[in-house]
Amino acid sequence: MMQPEGPAPAPNSIEVVDLKKRYGHGPEATMALRGVTFQVKGGEFISISGPSGSGKSTLLNMIGALDRPTSGKIFLDGTDISKLSSVDLARMRNTKIGFVFQDFNLISRMSTVENVELPLSIAGVRQSERRERAMALLERFGIAGKADRSPRELSGGQRQRVAVARALASDPSIILADEPTGNLDSENAKLTMDFLEKLSTDFEKTLVVITHDWDVATRAQRVVMMRDGGVERIVEN
C-alpha cells in the first residue's frame, strides 16, 4: 500500500553556486569570496556571521544585485541574475528585494511616510495607492503617528522600524538586512529582530541577516559561518 506523500519541500529562494569575487588585478588582487555555495529555501530565515573581513557584506551585495561576482552564479527565485542586464538588475532590486541597513539610509528631507513610499514611487505606483500601502505598514509597526515627522525626529528604534516598513513596501519576496541592530541599544535591537523575524513567519518572506552578533545570528533557523571569504560551516538552530 502506497504511503501518502508529505508536503513538497519549499523551492530555493536563493541559490549561490561557487561564487567568487576578486577586487583588483595581479599580485595586489584580493579574493573577497572564494567559491561560496549554499541555498536558502523560500520563507526561511538565515543569518550570515563571521569576523570582519570574512566576506559577509560582499556576499550580501552579490545576493542583492548591488555588485557582480567575478565568477559563479546566483539564482533568485529561479532567475540567474548573473545573466541580467543592468536595467533588469535594477528592476529586480526594486521589486524582488527589500534592503534594511545598519545606518537606516532614510532621507531626512522626506517625511517618514514618504520614505516608506519611495520604492513604490520608483516603481510608478500612483500616489493614492502609495500612501495607503505606506500608512498600512507604519500602522502595523506601531509608528503611524510619526508619519509626517522627519526621520531626524525619531529614535533609533523607530527609524529602524521605518526602514523595515520601507523594505516591505514593494512586497518583495526576499529581505536582506546588513547589521540591522548595529546602531541600536539592546532593547531596540531585540524589538528590531522581533519585527524582522515576523517577516519570515507572518509575511512569509525569505530573510537573510548579516551580523557579527552571535545572539542575533542564533535567532535564525540556520547560521552560515564565514571565514576568509568562504563558508566555514553551517549551523542548524
# chains A, B, ... in the order shown; residues from 1 in each chain; ligands from 1

$ select_by_dssp --residues "stretch 22-116 of chain A" --states "alpha helix (DSSP H)" --output "PyMOL selection string"
chain A and resi 56-63+86-95+112-116

$ write_last_selection --atoms "N, CA and C atoms" --output "mmCIF file, in the first residue's frame"
data_model
loop_
_atom_site.group_PDB
_atom_site.id
_atom_site.type_symbol
_atom_site.label_atom_id
_atom_site.label_comp_id
_atom_site.auth_asym_id
_atom_site.auth_seq_id
_atom_site.Cartn_x
_atom_site.Cartn_y
_atom_site.Cartn_z
ATOM 1 N N LYS A 56 31.223 38.737 4.492
ATOM 2 C CA LYS A 56 29.778 38.799 4.735
ATOM 3 C C LYS A 56 29.101 39.872 3.886
ATOM 4 N N SER A 57 29.601 41.104 3.967
ATOM 5 C CA SER A 57 28.958 42.207 3.248
ATOM 6 C C SER A 57 29.126 42.069 1.740
ATOM 7 N N THR A 58 30.279 41.557 1.308
ATOM 8 C CA THR A 58 30.466 41.307 -0.128
ATOM 9 C C THR A 58 29.427 40.310 -0.627
ATOM 10 N N LEU A 59 29.209 39.259 0.134
ATOM 11 C CA LEU A 59 28.222 38.253 -0.238
ATOM 12 C C LEU A 59 26.826 38.867 -0.310
ATOM 13 N N LEU A 60 26.484 39.707 0.672
ATOM 14 C CA LEU A 60 25.170 40.346 0.661
ATOM 15 C C LEU A 60 25.005 41.233 -0.567
ATOM 16 N N ASN A 61 26.052 41.957 -0.933
ATOM 17 C CA ASN A 61 25.990 42.806 -2.134
ATOM 18 C C ASN A 61 25.770 41.976 -3.393
ATOM 19 N N MET A 62 26.362 40.792 -3.438
ATOM 20 C CA MET A 62 26.164 39.917 -4.595
ATOM 21 C C MET A 62 24.722 39.420 -4.658
ATOM 22 N N ILE A 63 24.203 38.939 -3.523
ATOM 23 C CA ILE A 63 22.834 38.430 -3.480
ATOM 24 C C ILE A 63 21.845 39.546 -3.789
ATOM 25 N N SER A 86 21.971 45.509 -16.672
ATOM 26 C CA SER A 86 21.935 46.460 -15.562
ATOM 27 C C SER A 86 20.521 46.971 -15.306
ATOM 28 N N VAL A 87 19.761 47.181 -16.384
ATOM 29 C CA VAL A 87 18.371 47.645 -16.240
ATOM 30 C C VAL A 87 17.524 46.592 -15.548
ATOM 31 N N ASP A 88 17.674 45.331 -15.943
ATOM 32 C CA ASP A 88 16.894 44.257 -15.328
ATOM 33 C C ASP A 88 17.314 44.021 -13.879
ATOM 34 N N LEU A 89 18.603 44.192 -13.585
ATOM 35 C CA LEU A 89 19.069 44.073 -12.206
ATOM 36 C C LEU A 89 18.432 45.152 -11.330
ATOM 37 N N ALA A 90 18.371 46.380 -11.835
ATOM 38 C CA ALA A 90 17.758 47.477 -11.077
ATOM 39 C C ALA A 90 16.286 47.190 -10.822
ATOM 40 N N ARG A 91 15.609 46.653 -11.829
ATOM 41 C CA ARG A 91 14.186 46.312 -11.669
ATOM 42 C C ARG A 91 14.016 45.224 -10.620
ATOM 43 N N MET A 92 14.903 44.246 -10.623
ATOM 44 C CA MET A 92 14.812 43.166 -9.642
ATOM 45 C C MET A 92 15.055 43.691 -8.231
ATOM 46 N N ARG A 93 16.031 44.588 -8.081
ATOM 47 C CA ARG A 93 16.298 45.160 -6.760
ATOM 48 C C ARG A 93 15.070 45.878 -6.210
ATOM 49 N N ASN A 94 14.315 46.519 -7.074
ATOM 50 C CA ASN A 94 13.182 47.313 -6.610
ATOM 51 C C ASN A 94 11.911 46.489 -6.408
ATOM 52 N N THR A 95 11.836 45.306 -6.998
ATOM 53 C CA THR A 95 10.603 44.528 -6.912
ATOM 54 C C THR A 95 10.744 43.241 -6.109
ATOM 55 N N THR A 112 8.524 60.602 7.196
ATOM 56 C CA THR A 112 8.571 59.166 7.441
ATOM 57 C C THR A 112 7.764 58.393 6.401
ATOM 58 N N VAL A 113 6.529 58.833 6.163
ATOM 59 C CA VAL A 113 5.682 58.105 5.214
ATOM 60 C C VAL A 113 6.230 58.210 3.785
ATOM 61 N N GLU A 114 6.839 59.332 3.445
ATOM 62 C CA GLU A 114 7.423 59.480 2.113
ATOM 63 C C GLU A 114 8.619 58.546 1.932
ATOM 64 N N ASN A 115 9.378 58.315 3.007
ATOM 65 C CA ASN A 115 10.474 57.350 2.934
ATOM 66 C C ASN A 115 9.956 55.949 2.647
ATOM 67 N N VAL A 116 8.857 55.574 3.296
ATOM 68 C CA VAL A 116 8.286 54.246 3.065
ATOM 69 C C VAL A 116 7.736 54.133 1.650
#

$ residues_around --residues "A:Phe104" --least-positions-apart "4" --cutoff "7 Å" --atoms "only C-alpha atoms" --output "list in words"
Val100, Arg159, Gln160 and Ala163 of chain A

$ write_last_selection --atoms "N, CA and C atoms" --output "PDB file, in the first residue's frame"
ATOM      1  N   VAL A 100      17.471  46.358   4.370  1.00  0.00           N
ATOM      2  CA  VAL A 100      17.485  47.025   5.674  1.00  0.00           C
ATOM      3  C   VAL A 100      18.952  47.207   6.057  1.00  0.00           C
ATOM      4  N   ARG A 159      13.416  54.653  13.719  1.00  0.00           N
ATOM      5  CA  ARG A 159      13.970  54.759  12.367  1.00  0.00           C
ATOM      6  C   ARG A 159      14.195  53.382  11.738  1.00  0.00           C
ATOM      7  N   GLN A 160      14.619  52.410  12.557  1.00  0.00           N
ATOM      8  CA  GLN A 160      14.816  51.088  12.000  1.00  0.00           C
ATOM      9  C   GLN A 160      13.487  50.449  11.623  1.00  0.00           C
ATOM     10  N   ALA A 163      12.641  51.768   8.350  1.00  0.00           N
ATOM     11  CA  ALA A 163      13.458  51.107   7.329  1.00  0.00           C
ATOM     12  C   ALA A 163      12.902  49.733   6.979  1.00  0.00           C
TER      13      ALA A 163
END

$ atom_distance --atom1 "atom CA of A:Ser13" --atom2 "atom CA of A:Val40"
5.8 Å

$ atom_distance --atom1 "atom CA of A:Gly78" --atom2 "atom CA of A:Gly64"
14.5 Å

$ residues_around --residues "stretch 18-30 of chain A" --least-positions-apart "6" --cutoff "8 Å" --atoms "only C-alpha atoms" --output "compact mmCIF listing (two decimals) with N, CA and C atoms, in the first residue's frame"
# COMPACT_ATOMS: atom_id res chain seq x y z
N VAL A 36 31.90 30.32 -2.74
CA VAL A 36 30.81 30.16 -1.77
C VAL A 36 29.62 29.46 -2.43
N THR A 37 29.08 28.44 -1.76
CA THR A 37 27.91 27.71 -2.24
C THR A 37 26.97 27.43 -1.08
N PRO A 69 29.50 39.23 -9.36
CA PRO A 69 30.60 38.35 -8.98
C PRO A 69 31.64 38.24 -10.09
N THR A 70 32.84 37.85 -9.73
CA THR A 70 33.88 37.57 -10.72
C THR A 70 33.55 36.28 -11.46
N SER A 71 33.04 35.30 -10.73
CA SER A 71 32.58 34.05 -11.34
C SER A 71 31.58 33.39 -10.41
N GLY A 72 30.92 32.35 -10.92
CA GLY A 72 29.87 31.69 -10.15
C GLY A 72 28.50 32.23 -10.50
N LYS A 73 27.48 31.69 -9.88
CA LYS A 73 26.11 32.06 -10.20
C LYS A 73 25.30 32.33 -8.94
N ILE A 74 24.29 33.20 -9.10
CA ILE A 74 23.31 33.48 -8.05
C ILE A 74 21.94 33.37 -8.69

$ closest_residue --among "A:Val16, A:Met31, A:Ile210, A:Ala165" --to "A:Arg140" --atoms "only C-alpha atoms"
A:Ala165

$ select_by_dssp --residues "stretch 47-227 of chain A" --states "strand (DSSP E)" --output "ChimeraX atom specification"
/A:47-49,71-76,79-80,97-101,174-178,206-210,222-227
